[in-house]
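*Asks:* One structure, as structure tokens, below. Some questions next.
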Amino acid sequence: MPKFATPMFAAPRFTARRMLAATGVAVLALAAGACGPDTADGSGGSAATSAAVPPAAAATSSAPATGGTGGVRLVAVKSATLGPVVTDAAGRTLYRFDKDTAKPSASTCVDACAAKWPPLTAQDAVQVTGVDSALVGSVARPDGTKQVTLNGWPLYRFAGDTAAGQTNGQGVGGTWFASTPEGKKAPGTTGQAASPTAAQSGGYSGGY
């Protein structure tokens, strides 16, 4: 019986099939690896976007709060004797000086005068209660501080007022008057006397 030789191409055809199968498995593995991060945690490339802080939110968080209680505040109150006047946050009456000017704003009360009539100064924005903020401003003093003005008039406290609500500075020297919420001179006289005595005014003379 004749013997047939084994075909030479059988082994190569078998090897080629195995190579094709291995290549297919490798391709599938690469595809699965590429999709893995998305299917594993459900995030993928969108994770960086969701973690970023929106610019608008960042600006809002860094913005200063409004309506704070710190700093200088002008408060409109009603005096029993003078009617509407302006005080500071502690209830101390605020005054204006006839020898100052409003247009332009200028203070003439310095040195000994300023010791008796301490200027109301502020480095930051002034808060208001019952006062039109549009009337509030400031003027530079010789020492570099900023004095608060109301309708152009520089404002002062009075050393002769020792408690909230007192108006001992009203009418002193005929030039000092409590300020109304509009920056005008309050009518009337001090709540303690029609004409301040030397004791009430601290013995101040010379127009202050």
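Ordered as shown in the structure tokens, chains take letters A, B, and onward, while each chain numbers its residues from 1 and ligands are numbered from 1 in the order shown.
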Which neighbours of Ala114 of chain A fall inside 12 Å, counting only C-alpha atoms, when residues of the same chain fewer than 6 positions from it are skipped, and could you give them as a list of chain:residue names?
*Replies:*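 Counting only C-alpha atoms, the residues come to A:Phe97, A:Ser107, A:Thr108, A:Leu120, A:Thr121, A:Arg141, A:Pro142, A:Asp143, A:Gln147, A:Pro154, A:Leu155, A:Tyr156, A:Arg157, A:Phe158, A:Ala159, A:Tyr204, A:Tyr208.
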*Asks:* I need the chosen residues saved as a compact mmCIF listing (two decimals), in the first residue's frame, with N, CA, C and O atoms.
*Replies:*
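Writing done, so here's selection.txt:
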# COMPACT_ATOMS: atom_id res chain seq x y z
N PHE A 97 -19.46 122.15 63.39
CA PHE A 97 -18.83 123.40 63.83
C PHE A 97 -19.05 124.47 62.76
O PHE A 97 -18.71 124.27 61.59
N SER A 107 -12.06 121.05 57.86
CA SER A 107 -12.12 121.15 59.32
C SER A 107 -11.12 122.18 59.80
O SER A 107 -9.95 122.17 59.39
N THR A 108 -11.58 123.06 60.68
CA THR A 108 -10.69 124.08 61.26
C THR A 108 -10.41 123.80 62.73
O THR A 108 -9.73 124.59 63.38
N LEU A 120 -14.66 112.70 64.59
CA LEU A 120 -15.13 111.33 64.30
C LEU A 120 -14.37 110.86 63.06
O LEU A 120 -14.60 111.35 61.95
N THR A 121 -13.45 109.93 63.25
CA THR A 121 -12.62 109.45 62.14
C THR A 121 -12.97 108.01 61.80
O THR A 121 -13.48 107.25 62.63
N ARG A 141 -7.66 115.11 57.34
CA ARG A 141 -7.19 116.03 58.36
C ARG A 141 -5.67 116.21 58.24
O ARG A 141 -4.99 115.43 57.58
N PRO A 142 -5.12 117.25 58.88
CA PRO A 142 -3.68 117.50 58.78
C PRO A 142 -2.81 116.32 59.22
O PRO A 142 -1.70 116.13 58.72
N ASP A 143 -3.34 115.48 60.15
CA ASP A 143 -2.55 114.35 60.63
C ASP A 143 -2.70 113.12 59.74
O ASP A 143 -2.15 112.05 60.05
N GLN A 147 -11.70 112.24 58.47
CA GLN A 147 -12.81 112.63 59.34
C GLN A 147 -14.13 112.44 58.59
O GLN A 147 -14.27 112.82 57.43
N PRO A 154 -17.90 118.26 58.65
CA PRO A 154 -17.15 117.35 59.52
C PRO A 154 -17.89 117.12 60.84
O PRO A 154 -18.49 118.04 61.38
N LEU A 155 -17.81 115.90 61.35
CA LEU A 155 -18.52 115.55 62.58
C LEU A 155 -17.55 115.36 63.74
O LEU A 155 -16.42 114.89 63.56
N TYR A 156 -18.05 115.72 64.94
CA TYR A 156 -17.23 115.66 66.15
C TYR A 156 -18.05 115.09 67.30
O TYR A 156 -19.27 115.20 67.34
N ARG A 157 -17.34 114.52 68.28
CA ARG A 157 -17.93 114.23 69.58
C ARG A 157 -17.57 115.40 70.50
O ARG A 157 -16.75 116.24 70.15
N PHE A 158 -18.18 115.42 71.67
CA PHE A 158 -17.90 116.49 72.64
C PHE A 158 -17.39 115.86 73.93
O PHE A 158 -18.02 114.95 74.49
N ALA A 159 -16.23 116.32 74.41
CA ALA A 159 -15.64 115.76 75.62
C ALA A 159 -16.52 116.01 76.84
O ALA A 159 -16.41 115.31 77.85
N TYR A 204 -14.90 125.71 78.34
CA TYR A 204 -14.33 125.99 77.02
C TYR A 204 -14.75 127.37 76.55
O TYR A 204 -15.89 127.79 76.72
N TYR A 208 -14.81 127.46 71.16
CA TYR A 208 -14.85 126.02 71.25
C TYR A 208 -14.70 125.55 72.68
O TYR A 208 -14.75 124.39 72.97
*Asks:* Could you produce a table of the residues of segment 113-199 of chain A lying within 7 Å of segment 72-91 of chain A, with the nearest pair of atoms per residue and their separation in Å rounded to one decimal, using only C-alpha atoms, ordered by chain and increasing residue number, as a tab-separated table?
*Replies:*
residue	atom	partner	partner_atom	distance
A:Ala122	CA	A:Val72	CA	6.3
A:Val126	CA	A:Val72	CA	5.3
A:Gln127	CA	A:Arg73	CA	4.5
A:Val128	CA	A:Leu74	CA	4.8
A:Thr129	CA	A:Val75	CA	4.7
A:Gly130	CA	A:Ala76	CA	5.0
A:Val131	CA	A:Ala76	CA	6.1
A:Ala164	CA	A:Gly91	CA	4.6
A:Gly165	CA	A:Gly91	CA	5.9
A:Ala178	CA	A:Val85	CA	6.4
A:Ser179	CA	A:Val85	CA	5.5
A:Thr180	CA	A:Val85	CA	4.2
A:Pro181	CA	A:Val86	CA	5.6
A:Ala186	CA	A:Leu82	CA	6.1
A:Pro187	CA	A:Leu82	CA	5.9
A:Gly188	CA	A:Leu82	CA	5.4
A:Thr189	CA	A:Leu82	CA	6.9
A:Gly191	CA	A:Thr81	CA	5.5
*Asks:* Between atom CA of Val172 of chain A and atom CA of Asp132 of chain A, what is the spacing in Å?
*Replies:* 26.8 Å
*Asks:* Compare A:Arg96, A:Ala106, A:Asp124, A:Pro119 by their minimum atom-to-atom distance to Thr175 of chain A, counting only C-alpha atoms, and give me the closest one.
*Replies:*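 The shortest atom-to-atom distance to Thr175 of chain A comes from A:Arg96.
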*Asks:* From the options A:Gly71, A:Gly183, A:Pro104, A:Gly173, which residue's atoms come nearest to Asn151 of chain A, counting only C-alpha atoms?
*Replies:* A:Gly183
*Asks:* If you measure from atom CA of Asp100 of chain A to atom CA of Gln123 of chain A, what distance in Å do you get, rounded to one decimal?
*Replies:*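 Distance between the two atoms: 21.0 Å.
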*Asks:* By how many Å are atom CA of Thr167 of chain A and atom CA of Val148 of chain A apart?
*Replies:*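 Those two atoms sit 19.3 Å apart.
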